[in-house]
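Have a look at target-v1.txt below; it lists compact mmCIF, C-alpha atoms.
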# COMPACT_ATOMS: atom_id res chain seq x y z
CA MET M 157 23.05 -8.73 15.68
CA LYS M 158 24.12 -5.15 16.43
CA LYS M 159 23.07 -4.12 12.93
CA ARG M 160 19.59 -5.49 13.53
CA LEU M 161 19.08 -3.85 16.91
CA VAL M 162 18.12 -0.45 15.51
CA PRO M 163 15.43 -1.69 13.05
CA ILE M 164 14.09 -4.09 15.71
CA PHE M 165 13.82 -1.24 18.20
CA VAL M 166 12.26 1.12 15.64
CA LEU M 167 9.63 -1.40 14.51
CA PHE M 168 8.84 -2.35 18.10
CA LEU M 169 8.43 1.32 18.97
CA ILE M 170 6.14 1.98 15.98
CA LEU M 171 3.97 -1.02 16.88
CA THR M 172 3.76 0.14 20.50
CA LEU M 173 2.78 3.64 19.40
CA LEU M 174 0.15 2.18 17.05
CA CYS M 175 -1.34 0.19 19.94
CA ILE M 176 -1.46 3.34 22.08
CA TYR M 177 -2.99 5.29 19.19
CA THR M 178 -5.66 2.58 18.71
CA GLY M 179 -6.42 2.50 22.42
CA ARG M 180 -6.94 6.25 22.58
CA ASN M 181 -8.52 6.99 19.21
CA HIS M 182 -10.67 3.97 18.42
CA PRO M 183 -14.09 4.82 16.98
CA TRP M 184 -16.14 2.37 19.02
CA VAL M 185 -18.10 3.07 22.16
CA THR M 186 -18.04 0.68 25.11
CA ILE M 187 -20.60 0.19 27.85
CA GLU M 188 -18.08 1.36 30.48
CA GLU M 189 -17.72 4.68 28.69
CA CYS M 190 -21.51 5.02 28.50
CA LEU M 191 -22.00 4.24 32.17
CA GLN M 192 -19.34 6.76 33.17
CA ASN M 193 -21.10 9.50 31.25
CA PRO M 194 -24.72 8.42 30.57
CA GLU M 195 -25.98 11.82 29.43
CA LYS M 196 -23.27 12.14 26.77
CA TYR M 197 -23.80 8.67 25.34
CA ASP M 198 -27.62 8.57 25.47
CA GLY M 199 -28.87 6.94 22.26
CA LYS M 200 -25.37 5.99 21.07
CA LEU M 201 -24.81 2.75 19.19
CA ILE M 202 -22.63 0.38 21.22
CA THR M 203 -20.19 -1.33 18.92
CA GLU M 204 -17.92 -3.27 21.26
CA TYR M 205 -18.74 -5.76 23.98
CA TRP M 206 -16.38 -7.80 26.11
CA GLU M 207 -17.22 -11.44 25.35
CA PRO M 208 -20.99 -10.83 25.68
CA GLN M 209 -23.15 -13.68 26.92
CA ILE M 210 -26.85 -14.08 27.58
CA GLY M 211 -27.80 -14.18 31.26
CA LYS M 212 -31.35 -14.49 32.52
CA ILE M 213 -33.98 -14.14 29.79
CA TYR M 214 -37.11 -12.05 30.46
CA ALA M 215 -40.26 -11.57 28.40
CA ASP M 216 -38.97 -8.26 27.05
CA GLY M 217 -35.23 -8.86 26.89
CA PHE M 218 -32.33 -10.39 28.78
CA GLN M 219 -29.46 -9.67 31.15
CA LEU M 220 -26.23 -9.08 29.24
CA ILE M 221 -23.18 -10.57 30.94
CA GLN M 222 -19.70 -9.40 29.97
CA ARG M 223 -16.30 -10.59 31.15
CA HIS M 224 -14.53 -8.09 33.44
CA ALA M 225 -17.24 -5.55 32.59
CA PRO M 226 -20.62 -4.46 33.93
CA SER M 227 -23.73 -6.56 33.43
CA LEU M 228 -26.62 -4.71 31.84
CA ARG M 229 -30.29 -5.14 31.02
CA VAL M 230 -31.09 -5.38 27.30
CA TYR M 231 -34.57 -4.83 25.89
CA CYS M 232 -35.26 -6.72 22.67
CA ASP M 233 -37.13 -9.52 20.98
CA THR M 234 -35.88 -12.68 22.69
CA THR M 235 -36.85 -15.16 19.97
CA GLY M 236 -34.09 -17.71 19.52
CA LEU M 237 -32.00 -16.51 22.48
CA LYS M 238 -30.66 -19.01 24.99
CA THR M 239 -29.10 -18.46 28.42
CA GLY M 240 -25.34 -19.03 28.55
CA GLU M 241 -24.76 -18.52 24.82
CA PHE M 242 -22.58 -15.83 23.27
CA VAL M 243 -24.63 -13.08 21.71
CA GLY M 244 -24.28 -10.77 18.73
CA LEU M 245 -25.77 -7.36 19.44
CA LYS M 246 -26.63 -4.14 17.71
CA ALA M 247 -27.90 -2.01 20.56
CA TYR M 248 -28.28 1.59 21.64
CA PHE M 249 -27.44 2.87 25.10
CA LYS M 250 -30.11 4.66 27.12
CA LYS M 251 -29.10 7.10 29.82
CA GLU M 252 -31.32 5.27 32.34
CA GLY M 253 -28.71 2.50 32.23
CA TYR M 254 -30.03 -0.13 29.82
CA LEU M 255 -29.67 -1.11 26.17
CA ARG M 256 -32.33 -1.13 23.50
CA ALA M 257 -31.32 -3.75 20.93
CA GLU M 258 -32.22 -3.52 17.29
CA LYS M 259 -30.71 -6.93 16.65
CA ALA M 260 -29.81 -9.71 19.12
CA PHE M 261 -28.93 -13.23 18.10
CA VAL M 262 -26.97 -16.20 19.36
CA ALA M 263 -23.41 -16.15 17.97
CA THR M 264 -23.56 -19.64 16.51
CA ASN M 265 -20.69 -22.02 17.30
CA ARG M 266 -18.53 -19.29 18.86
CA ARG M 267 -17.30 -21.67 21.58
CA TYR M 268 -16.35 -24.30 18.98
CA LYS M 269 -14.68 -21.63 16.87
CA ILE M 270 -12.40 -20.63 19.74
CA TRP M 271 -11.43 -24.18 20.68
CA LEU M 272 -11.07 -25.40 17.09
CA SER M 273 -8.77 -22.48 16.36
CA VAL M 274 -6.31 -23.76 18.96
CA ILE M 275 -5.55 -26.83 16.80
CA PRO M 276 -3.96 -24.94 13.85
CA VAL M 277 -1.94 -22.79 16.25
CA ILE M 278 -0.39 -25.88 17.84
CA LEU M 279 0.11 -27.49 14.43
CA VAL M 280 1.79 -24.43 12.89
CA LEU M 281 4.04 -23.89 15.92
CA PHE M 282 5.04 -27.56 15.81
CA LEU M 283 5.84 -27.35 12.08
CA PHE M 284 7.69 -24.10 12.64
CA PHE M 285 10.01 -25.50 15.30
CA TYR M 286 10.40 -28.69 13.28
CA ASN M 287 11.72 -26.66 10.36
CA PHE M 288 13.50 -23.83 12.13
CA THR M 289 15.86 -23.67 15.05
CA PHE M 290 16.86 -20.70 17.16
CA ASN M 291 20.58 -19.93 17.26
CA PRO M 292 21.11 -18.05 20.55
CA LYS M 293 24.65 -16.99 19.59
CA LYS M 294 23.47 -15.19 16.47
CA PHE M 295 20.07 -14.48 18.00
CA GLN M 296 18.23 -15.66 14.91
CA PHE M 297 16.10 -18.47 13.54
CA GLU M 298 17.81 -20.71 11.03
CA LEU M 299 16.60 -23.51 8.80
CA ARG M 300 17.14 -26.91 10.38
CA THR M 301 19.44 -28.87 8.16
CA ASN M 302 17.74 -32.17 8.99
CA ALA M 303 14.17 -30.89 8.48
CA MET U 230 -12.99 -13.88 11.59
CA PRO U 231 -13.56 -17.39 10.35
CA ASP U 232 -11.97 -20.10 12.50
CA LEU U 233 -8.26 -20.71 12.03
CA ILE U 234 -8.78 -24.17 10.50
CA THR U 235 -10.71 -22.53 7.67
CA HIS U 236 -8.00 -19.87 7.32
CA LEU U 237 -5.29 -22.51 7.21
CA ALA U 238 -7.19 -24.72 4.76
CA PHE U 239 -7.84 -21.78 2.47
CA THR U 240 -4.17 -20.76 2.48
CA HIS U 241 -3.09 -24.34 1.79
CA LEU U 242 -5.54 -24.65 -1.11
CA VAL U 243 -4.32 -21.40 -2.64
CA LYS U 244 -0.61 -22.11 -2.23
CA ARG U 245 -0.31 -25.83 -2.96
CA PRO U 246 -1.00 -25.79 -6.73
CA PHE U 247 1.97 -23.42 -7.15
CA GLU U 248 4.35 -25.98 -5.66
CA LEU U 249 4.32 -28.61 -8.35
CA LYS U 250 7.94 -27.90 -9.17
CA GLY U 251 10.95 -27.63 -6.88
CA LYS U 252 12.34 -29.66 -4.00
CA VAL U 253 10.16 -30.23 -0.95
CA GLU U 254 13.01 -29.31 1.44
CA ASN U 255 13.28 -25.90 -0.22
CA ILE U 256 9.55 -25.27 -0.26
CA PHE U 257 8.03 -26.73 2.89
CA PRO U 258 9.72 -24.55 5.58
CA PHE U 259 8.58 -21.42 3.79
CA ARG U 260 5.07 -22.77 3.36
CA VAL U 261 5.05 -23.14 7.17
CA LEU U 262 5.84 -19.42 7.34
CA LEU U 263 2.90 -18.75 5.02
CA TYR U 264 0.72 -20.72 7.46
CA LEU U 265 2.18 -18.69 10.32
CA GLY U 266 1.40 -15.49 8.43
CA THR U 267 -2.18 -16.57 7.88
CA ILE U 268 -2.85 -17.16 11.58
CA LEU U 269 -0.72 -14.19 12.71
CA PRO U 270 -3.45 -11.47 12.72
CA ASP U 271 -5.61 -13.60 15.00
CA ILE U 272 -2.93 -14.94 17.35
CA LEU U 273 -1.65 -11.41 17.88
CA THR U 274 -5.05 -10.19 19.03
CA ARG U 275 -7.70 -12.84 19.82
CA PRO U 276 -6.10 -14.70 22.74
CA TRP U 277 -5.51 -11.45 24.59
CA TYR U 278 -9.00 -10.15 24.33
CA ILE U 279 -10.65 -13.48 24.95
CA ILE U 280 -8.74 -13.65 28.25
CA PHE U 281 -8.63 -9.89 28.94
CA PRO U 282 -11.47 -8.37 26.84
CA ALA U 283 -10.46 -4.78 27.55
CA THR U 284 -7.22 -5.23 25.58
CA LYS U 285 -9.25 -5.28 22.35
CA SER U 286 -9.14 -1.50 22.19
CA TRP U 287 -5.34 -1.57 22.22
CA THR U 288 -4.53 -4.58 20.04
CA THR U 289 -6.95 -4.06 17.14
CA CYS U 290 -4.23 -2.34 15.10
CA LEU U 291 -2.41 -5.70 14.94
CA HIS U 292 -5.40 -7.12 13.08
CA THR U 293 -5.00 -4.68 10.20
CA PRO U 294 -2.87 -5.02 7.04
CA PHE U 295 -0.61 -2.18 8.21
CA GLY U 296 -0.07 -3.76 11.63
CA VAL U 297 0.61 -7.17 10.10
CA ILE U 298 3.14 -5.75 7.62
CA LEU U 299 5.04 -4.09 10.46
CA PHE U 300 4.89 -7.16 12.69
CA SER U 301 6.00 -9.42 9.81
CA GLY U 302 8.93 -7.07 9.31
CA LEU U 303 9.80 -7.25 12.99
CA LEU U 304 9.58 -11.04 13.01
CA THR U 305 11.68 -11.26 9.85
CA LEU U 306 14.55 -9.50 11.60
CA PHE U 307 14.87 -12.51 13.87
CA PHE U 308 15.76 -14.78 10.94
CA ASN U 309 19.00 -15.53 9.17
CA PRO U 310 19.62 -12.59 6.77
CA VAL U 311 20.07 -15.03 3.87
CA ILE U 312 16.42 -16.10 4.04
CA GLN U 313 14.88 -12.86 5.33
CA LYS U 314 13.32 -11.86 2.01
CA ARG U 315 11.50 -15.17 1.60
CA VAL U 316 10.49 -15.13 5.25
CA PHE U 317 8.95 -11.67 4.96
CA LEU U 318 7.17 -12.41 1.68
CA ASN U 319 5.60 -15.58 3.07
CA LEU U 320 4.51 -13.97 6.34
CA PHE U 321 3.12 -11.00 4.42
CA ALA U 322 1.30 -13.14 1.84
CA GLY U 323 -0.17 -15.29 4.61
CA GLY U 324 -1.44 -12.21 6.40
CA MET U 325 -3.02 -10.83 3.25
CA LEU U 326 -4.78 -14.15 2.55
CA HIS U 327 -6.16 -13.90 6.08
CA PHE U 328 -7.62 -10.47 5.38
CA PHE U 329 -8.92 -11.63 2.01
CA LEU U 330 -11.00 -14.33 3.72
CA ASP U 331 -12.11 -11.95 6.48
CA PHE U 332 -13.40 -9.64 3.75
CA PHE U 333 -16.26 -12.05 3.04
CA GLN U 334 -17.34 -12.42 6.64
CA SER U 335 -20.60 -10.83 7.72
CA HIS U 336 -20.55 -8.35 10.62
CA ILE U 337 -23.16 -6.53 12.63
CA ILE U 338 -20.73 -3.67 12.80
CA GLY U 339 -17.64 -3.86 10.61
CA THR U 340 -14.23 -4.69 12.02
CA ASN U 341 -12.09 -4.95 8.87
CA TYR U 342 -10.02 -1.80 9.17
CA TRP U 343 -8.00 -2.20 5.97
CA LEU U 344 -7.29 1.51 5.74
CA PHE U 345 -5.89 1.85 9.27
CA PRO U 346 -4.17 4.12 10.41
CA PHE U 347 -5.66 6.52 7.86
CA SER U 348 -9.29 5.60 8.36
CA TRP U 349 -11.51 3.43 10.57
CA LYS U 350 -13.76 2.64 7.63
CA HIS U 351 -14.90 -0.98 7.51
CA VAL U 352 -14.08 -2.80 4.27
CA GLY U 353 -15.95 -6.02 3.64
CA TYR U 354 -18.64 -7.95 1.87
CA GLY U 355 -20.82 -9.88 4.31
CA LEU U 356 -21.13 -13.20 2.55
CA PHE U 357 -20.99 -15.70 5.42
CA ASN U 358 -21.34 -15.90 9.17
CA PRO U 359 -18.13 -17.34 10.68
CA GLY U 360 -20.10 -19.57 13.06
CA GLU U 361 -22.10 -21.09 10.25
CA ILE U 362 -19.08 -22.37 8.34
CA ILE U 363 -17.77 -24.41 11.29
CA PRO U 364 -19.73 -27.51 10.15
CA LEU U 365 -17.97 -27.22 6.77
CA ILE U 366 -14.51 -27.94 8.26
CA PRO U 367 -14.67 -31.67 7.31
CA LEU U 368 -15.38 -30.56 3.74
CA TRP U 369 -12.19 -28.45 3.63
CA ILE U 370 -10.24 -31.48 4.88
CA VAL U 371 -11.75 -33.72 2.18
CA ILE U 372 -10.94 -31.14 -0.53
CA ILE U 373 -7.34 -30.92 0.73
CA LEU U 374 -7.01 -34.72 0.71
CA ILE U 375 -8.34 -34.89 -2.86
CA MET U 376 -5.92 -32.16 -3.94
CA GLU U 377 -2.97 -33.82 -2.23
CA CYS U 378 -3.78 -37.16 -3.88
CA THR U 379 -4.06 -35.44 -7.26
CA ILE U 380 -0.69 -33.69 -6.80
CA TYR U 381 0.91 -36.94 -5.65
CA GLY U 382 -0.48 -38.74 -8.72
CA TYR U 383 0.66 -35.96 -11.03
CA LYS U 384 4.22 -35.96 -9.62
CA LYS U 385 4.41 -39.75 -9.80
CA TYR U 386 3.26 -39.67 -13.44
CA LYS U 387 5.87 -37.00 -14.26
CA ARG U 388 8.65 -39.02 -12.59
CA GLU U 389 7.70 -42.17 -14.45
CA LYS U 390 7.54 -40.26 -17.71
CA LEU U 391 11.05 -38.91 -17.11
CA ASN U 392 12.42 -42.36 -16.33

Could I get this structure in the form of structure tokens?
Amino acid sequence: MKKRLVPIFVLFLILTLLCIYTGRNHPWVTIEECLQNPEKYDGKLITEYWEPQIGKIYADGFQLIQRHAPSLRVYCDTTGLKTGEFVGLKAYFKKEGYLRAEKAFVATNRRYKIWLSVIPVILVLFLFFYNFTFNPKKFQFELRTNA
Amino acid sequence: MPDLITHLAFTHLVKRPFELKGKVENIFPFRVLLYLGTILPDILTRPWYIIFPATKSWTTCLHTPFGVILFSGLLTLFFNPVIQKRVFLNLFAGGMLHFFLDFFQSHIIGTNYWLFPFSWKHVGYGLFNPGEIIPLIPLWIVIILIMECTIYGYKKYKREKLN
């Protein structure tokens, strides 16, 4: 175990640093960043949304609802949009505090995708613990002899 | 990303034909690690940002080949040294099959950062929308069943021929 401590620590440290690097140097622009500095981000393409959903639909657009993030008015063609659905967006921020979308469409089956993806996770974890056992003394996974 | 059932089915379909020889008890546990590898990029990132969306900016590196290689290495260190090589190779191969399938997914704005940490360039060929292949899941299951029956028949034929 002692031999493994150093590589475990090193890899953990590298992964942590990579996460910090990604958080600070990512290329995408979020709505929060735009709202904090509207002049700077005027006309910028927004590439990341936090679980965006369609709120109230208007004749010329809709209210964008995000989880743990500000709600915003989006101006676009509303054909095919439906309140409560997840939305795929390609939109530009305007300094007045709204988005002008070039493309807006319902993210088909996103809810099903999330819930269906839980099944393989449970299955794989079950198969994993069926085939491997954790030896706390050696602090390692070992093949189960009866698997 | 396509759903994880599609990822798992794809990995199974790729791997299974290579397992016609050898004992099941020697093969199956490592195939499970291949499955784990194939869902690893998504389980390291998706749950966090579905629950806490702001974490996406921090965890995206774990959904890149470089991040998965490092994480597979870290995970491997928690296994018996005797099997570590096979563990790593299966986790790694599973991860790469995941990225291979993601390559064909269509995006509004790309999210396949294969060249991370050297570049944020998106690499991909938008062939299908992940939401649109959900109805095809029963088809993957039928294909797997047909393949499993074929392999079972083939092995039975081989055994009988030997006897």

Proximity to Phe257 (chain U) - best of U:Asn319, U:Thr379, U:Thr274, U:Ser348, only C-alpha atoms: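 Among the listed residues, the smallest separation from Phe257 (chain U) belongs to U:Asn319.
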
Proximal residues of chain M relative to chain U (only C-alpha atoms; 7 Å) as a PyMOL selection string: chain M and resi 160+164+167+174-176+178-179+182+203+206-207+223+246+263-266+269+273+276+280+283-284+287+295-298

Radius query 12 Å about (-36.4, -13.3, 21.8), atoms used: all atoms listed in the file, as a PyMOL selection string: chain M and resi 210+212-218+230-239+243+257-262

For Trp369 (chain U), the nearest of the candidates U:Lys384, U:Lys314, U:Lys250, U:His241, counting all atoms listed in the file: U:His241

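When only C-alpha atoms are used to measure the gap to Ser227 (chain M), the shortest distance among M:Tyr248, M:Phe242, M:Phe290, M:Tyr205 belongs to M:Tyr205.
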
For CA of Gln222 (chain M) and CA of Gln209 (chain M), the interatomic separation in Å (one decimal): 6.3 Å

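Proximity ranking of U:Ile380, U:Leu365, U:Leu273, U:Leu391 relative to Arg245 (chain U) places U:Ile380 first, based on all atoms listed in the file.
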
Distance of CA of Pro208 (chain M) from CA of Gly244 (chain M), expressed in Å to one decimal place: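 According to the coordinates, CA of Gly244 (chain M) and CA of Pro208 (chain M) are separated by 7.7 Å.
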
Shell around Tyr354 (chain U) at 7 Å using all atoms listed in the file, local window under 3 positions removed, as a list in words: Phe332, Phe333, Gln334 and Ser335 of chain U

Coordinates-based distance that separates CA of Leu279 (chain M) from CA of Leu171 (chain M) (Å, one decimal): 26.9 Å

From U:Trp277, U:Tyr342, U:Leu374, U:Phe317, residue lying nearest Leu242 (chain U) [only C-alpha atoms]: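 Nearest candidate to Leu242 (chain U) out of U:Trp277, U:Tyr342, U:Leu374, U:Phe317: U:Leu374.
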
First collect every listed atom of region 329-341 of chain U; then fit an axis-aligned box around them, widen it by 5 Å on each side, and give centre and edge lengths in Å to one decimal, as lines of an AutoDock Vina configuration file.
center_x = -16.0
center_y = -9.0
center_z = 7.4
size_x = 24.2
size_y = 20.7
size_z = 20.8
